[in-house]
Amino acid sequence: MSQWVISGLRKGVVTTRYPGREETANGVSPGFPVALTSVSEEAGRELEAICPTGAIRFECGEAHVDYGRCVHCFRCARSARFPIEWESGYEWARLASTGTNSAPWPKAFKKSMHIRVVDAGDCGACLNEVKQLNNPYYNMHRLGFFITPTPRNADILLVVGPVNDHTRLPLQQTYEAMPTPKLVMAVGACALSGGVFGSTFVTGGGVKDVLPVDVEVPGSPPPPLAILHGLLLAARGV
């Protein structure tokens, strides 16, 4: 035990400085393919065909990328004859057009916010990344974000998974039990579009099919910093 104490004293604080400072540590993000505004039809059709989830769509000389469907398989960058460029950022969160709240949010959201996490059929990947926010490295508490076990104390409903038949009703009940104003945050490709699981006869096409979504965080799974960016976006409403 003593060696861990000594090691901690020597290394000092190891919590990420994000958002005050850009995180440059290795492995913090799998990145996303970059859309191409000018590409040959041969290259565009190949990229479109090689994508397993339909995230890349070729149209009128452009290769469009739907981040809500991308699962970071890297086929378009590593297996294509005409590889697509790849970026390594992590600030992917965006305001959704289906939400019931409009930015800016109420001023109360700029203070401490409580989050109710719901697993709506997640494979475990996105849920594990959400759990990382509680560890000392990311330490979301320093920014005023806290996990709550009850929806009655929640400001944000954070949902992972495509929403299967067994979780649809519990998800709706959780949302209805939350006080207003409230936000819904869909995390991961499955929560945004159904991902590799949906839409099927047992899974939906994402949270938007059940609830109004205010903040979207793409990725499969999104890294903790991308989720943290989504929470900051939810708090600021910008």
# chains A, B, ... in the order shown; residues from 1 in each chain; ligands from 1
>>> closest_atom_pairs(of="segment 138-189 of chain A", to="segment 116-126 of chain A", cutoff="10 Å", atoms="only C-alpha atoms", output="tab-separated table")
residue	atom	partner	partner_atom	distance
A:Phe146	CA	A:Arg116	CA	8.9
A:Ile147	CA	A:Arg116	CA	6.1
A:Thr148	CA	A:Arg116	CA	5.4
A:Pro149	CA	A:Arg116	CA	6.3
A:Thr150	CA	A:Arg116	CA	6.7
A:Pro151	CA	A:Arg116	CA	5.9
A:Arg152	CA	A:Arg116	CA	9.2
A:Asn153	CA	A:Arg116	CA	8.4
A:Ala154	CA	A:Arg116	CA	5.7
A:Asp155	CA	A:Arg116	CA	7.8
A:Ile156	CA	A:Arg116	CA	6.3
A:Leu157	CA	A:Arg116	CA	5.0
A:Leu158	CA	A:Val117	CA	4.8
A:Val159	CA	A:Val118	CA	5.0
A:Val160	CA	A:Asp119	CA	5.3
A:Gly161	CA	A:Asp122	CA	3.8
A:Pro162	CA	A:Gly121	CA	6.1
A:Val163	CA	A:Ala120	CA	4.6
A:Asn164	CA	A:Gly121	CA	5.7
A:Asp165	CA	A:Gly121	CA	8.8
A:His166	CA	A:Gly121	CA	8.2
A:Thr167	CA	A:Ala120	CA	5.3
A:Arg168	CA	A:Ala120	CA	7.3
A:Pro170	CA	A:Ala120	CA	8.8
A:Leu171	CA	A:Val118	CA	7.2
A:Thr174	CA	A:Val118	CA	8.5
A:Tyr175	CA	A:Arg116	CA	9.5
A:Met178	CA	A:Arg116	CA	9.2
A:Val184	CA	A:Arg116	CA	9.8
A:Met185	CA	A:Val117	CA	9.5
A:Val187	CA	A:Cys126	CA	7.2
A:Gly188	CA	A:Cys126	CA	6.3
A:Ala189	CA	A:Cys126	CA	9.2
>>> write_last_selection(atoms="C-alpha atoms", output="JSON list (two decimals), in the first residue's frame")
[["chain", "number", "residue", "atom", "x", "y", "z"],
["A", 146, "PHE", "CA", -23.13, 13.33, -10.96],
["A", 147, "ILE", "CA", -24.79, 9.96, -11.56],
["A", 148, "THR", "CA", -28.11, 9.46, -9.77],
["A", 149, "PRO", "CA", -29.95, 6.14, -9.30],
["A", 150, "THR", "CA", -33.39, 7.74, -9.44],
["A", 151, "PRO", "CA", -34.99, 9.60, -12.35],
["A", 152, "ARG", "CA", -36.81, 11.90, -9.92],
["A", 153, "ASN", "CA", -33.51, 13.65, -9.18],
["A", 154, "ALA", "CA", -32.21, 13.58, -12.77],
["A", 155, "ASP", "CA", -31.68, 16.49, -15.14],
["A", 156, "ILE", "CA", -30.26, 14.40, -18.00],
["A", 157, "LEU", "CA", -31.41, 11.01, -19.24],
["A", 158, "LEU", "CA", -28.32, 9.40, -20.79],
["A", 159, "VAL", "CA", -29.27, 6.43, -22.97],
["A", 160, "VAL", "CA", -27.03, 3.77, -24.53],
["A", 161, "GLY", "CA", -28.23, 1.01, -26.83],
["A", 162, "PRO", "CA", -30.66, 0.79, -29.78],
["A", 163, "VAL", "CA", -33.76, 0.44, -27.54],
["A", 164, "ASN", "CA", -34.99, -3.13, -27.82],
["A", 165, "ASP", "CA", -38.51, -4.34, -27.08],
["A", 166, "HIS", "CA", -37.73, -5.19, -23.45],
["A", 167, "THR", "CA", -36.35, -1.74, -22.64],
["A", 168, "ARG", "CA", -38.79, 0.48, -24.55],
["A", 170, "PRO", "CA", -38.91, 1.12, -18.88],
["A", 171, "LEU", "CA", -37.16, 3.86, -20.87],
["A", 174, "THR", "CA", -37.94, 6.67, -16.64],
["A", 175, "TYR", "CA", -38.34, 9.72, -18.86],
["A", 178, "MET", "CA", -38.04, 12.93, -14.48],
["A", 184, "VAL", "CA", -32.24, 13.37, -23.28],
["A", 185, "MET", "CA", -28.74, 12.47, -24.41],
["A", 187, "VAL", "CA", -24.74, 8.07, -26.62],
["A", 188, "GLY", "CA", -23.27, 5.80, -29.27],
["A", 189, "ALA", "CA", -24.14, 4.76, -32.82]]
>>> residues_around(residues="Leu228 of chain A", least_positions_apart="4", cutoff="10 Å", atoms="only C-alpha atoms", output="number ranges by chain")
A: 18-19, 90-91, 93, 130, 133, 138-140, 143, 145, 217, 222-224, 232-234
>>> closest_residue(among="A:Pro30, A:Gly219, A:Gly68, A:Pro83", to="Glu48 of chain A", atoms="only C-alpha atoms")
A:Pro83
>>> select_by_dssp(residues="segment 44-202 of chain A", states="strand (DSSP E)", output="PyMOL selection string")
chain A and resi 56-59+62-65+86-87+94-95+113-119+145-147+156-160+183-187
>>> write_last_selection(atoms="C-alpha atoms", output="mmCIF file, in the first residue's frame")
data_model
loop_
_atom_site.group_PDB
_atom_site.id
_atom_site.type_symbol
_atom_site.label_atom_id
_atom_site.label_comp_id
_atom_site.auth_asym_id
_atom_site.auth_seq_id
_atom_site.Cartn_x
_atom_site.Cartn_y
_atom_site.Cartn_z
ATOM 1 C CA ILE A 56 -20.589 6.362 -46.140
ATOM 2 C CA ARG A 57 -22.804 7.502 -48.997
ATOM 3 C CA PHE A 58 -21.534 8.592 -52.413
ATOM 4 C CA GLU A 59 -23.550 11.241 -54.196
ATOM 5 C CA GLU A 62 -18.975 13.631 -52.789
ATOM 6 C CA ALA A 63 -18.495 10.953 -50.121
ATOM 7 C CA HIS A 64 -20.745 11.856 -47.193
ATOM 8 C CA VAL A 65 -20.162 10.334 -43.741
ATOM 9 C CA TRP A 86 -9.137 9.875 -40.801
ATOM 10 C CA GLU A 87 -9.256 12.471 -38.049
ATOM 11 C CA ARG A 94 -24.098 17.934 -31.330
ATOM 12 C CA LEU A 95 -27.505 19.357 -30.575
ATOM 13 C CA MET A 113 -26.393 18.313 -13.123
ATOM 14 C CA HIS A 114 -27.542 14.832 -12.200
ATOM 15 C CA ILE A 115 -27.544 12.067 -14.786
ATOM 16 C CA ARG A 116 -29.718 8.954 -14.955
ATOM 17 C CA VAL A 117 -28.045 6.338 -17.152
ATOM 18 C CA VAL A 118 -30.281 3.797 -18.903
ATOM 19 C CA ASP A 119 -29.029 0.705 -20.712
ATOM 20 C CA PHE A 145 -21.813 16.085 -13.211
ATOM 21 C CA PHE A 146 -23.132 13.332 -10.958
ATOM 22 C CA ILE A 147 -24.791 9.961 -11.560
ATOM 23 C CA ILE A 156 -30.263 14.401 -17.999
ATOM 24 C CA LEU A 157 -31.406 11.013 -19.236
ATOM 25 C CA LEU A 158 -28.324 9.400 -20.788
ATOM 26 C CA VAL A 159 -29.272 6.426 -22.974
ATOM 27 C CA VAL A 160 -27.026 3.774 -24.529
ATOM 28 C CA LEU A 183 -32.755 16.644 -21.427
ATOM 29 C CA VAL A 184 -32.237 13.373 -23.281
ATOM 30 C CA MET A 185 -28.735 12.469 -24.405
ATOM 31 C CA ALA A 186 -28.242 9.555 -26.847
ATOM 32 C CA VAL A 187 -24.745 8.074 -26.622
#
>>> select_by_dssp(residues="segment 4-205 of chain A", states="alpha helix (DSSP H)", output="PyMOL selection string")
chain A and resi 4-11+41-50+75-78+125-132+165-177+189-193
>>> closest_residue(among="A:Lys111, A:Trp92, A:Ile6, A:Pro218", to="His141 of chain A", atoms="only C-alpha atoms")
A:Lys111
>>> atom_distance(atom1="atom CA of Arg78 of chain A", atom2="atom CA of Arg45 of chain A")
15.9 Å
>>> atom_distance(atom1="atom CA of Val28 of chain A", atom2="atom CA of His229 of chain A")
12.9 Å
>>> atom_distance(atom1="atom CA of Ala35 of chain A", atom2="atom CA of Cys190 of chain A")
20.9 Å
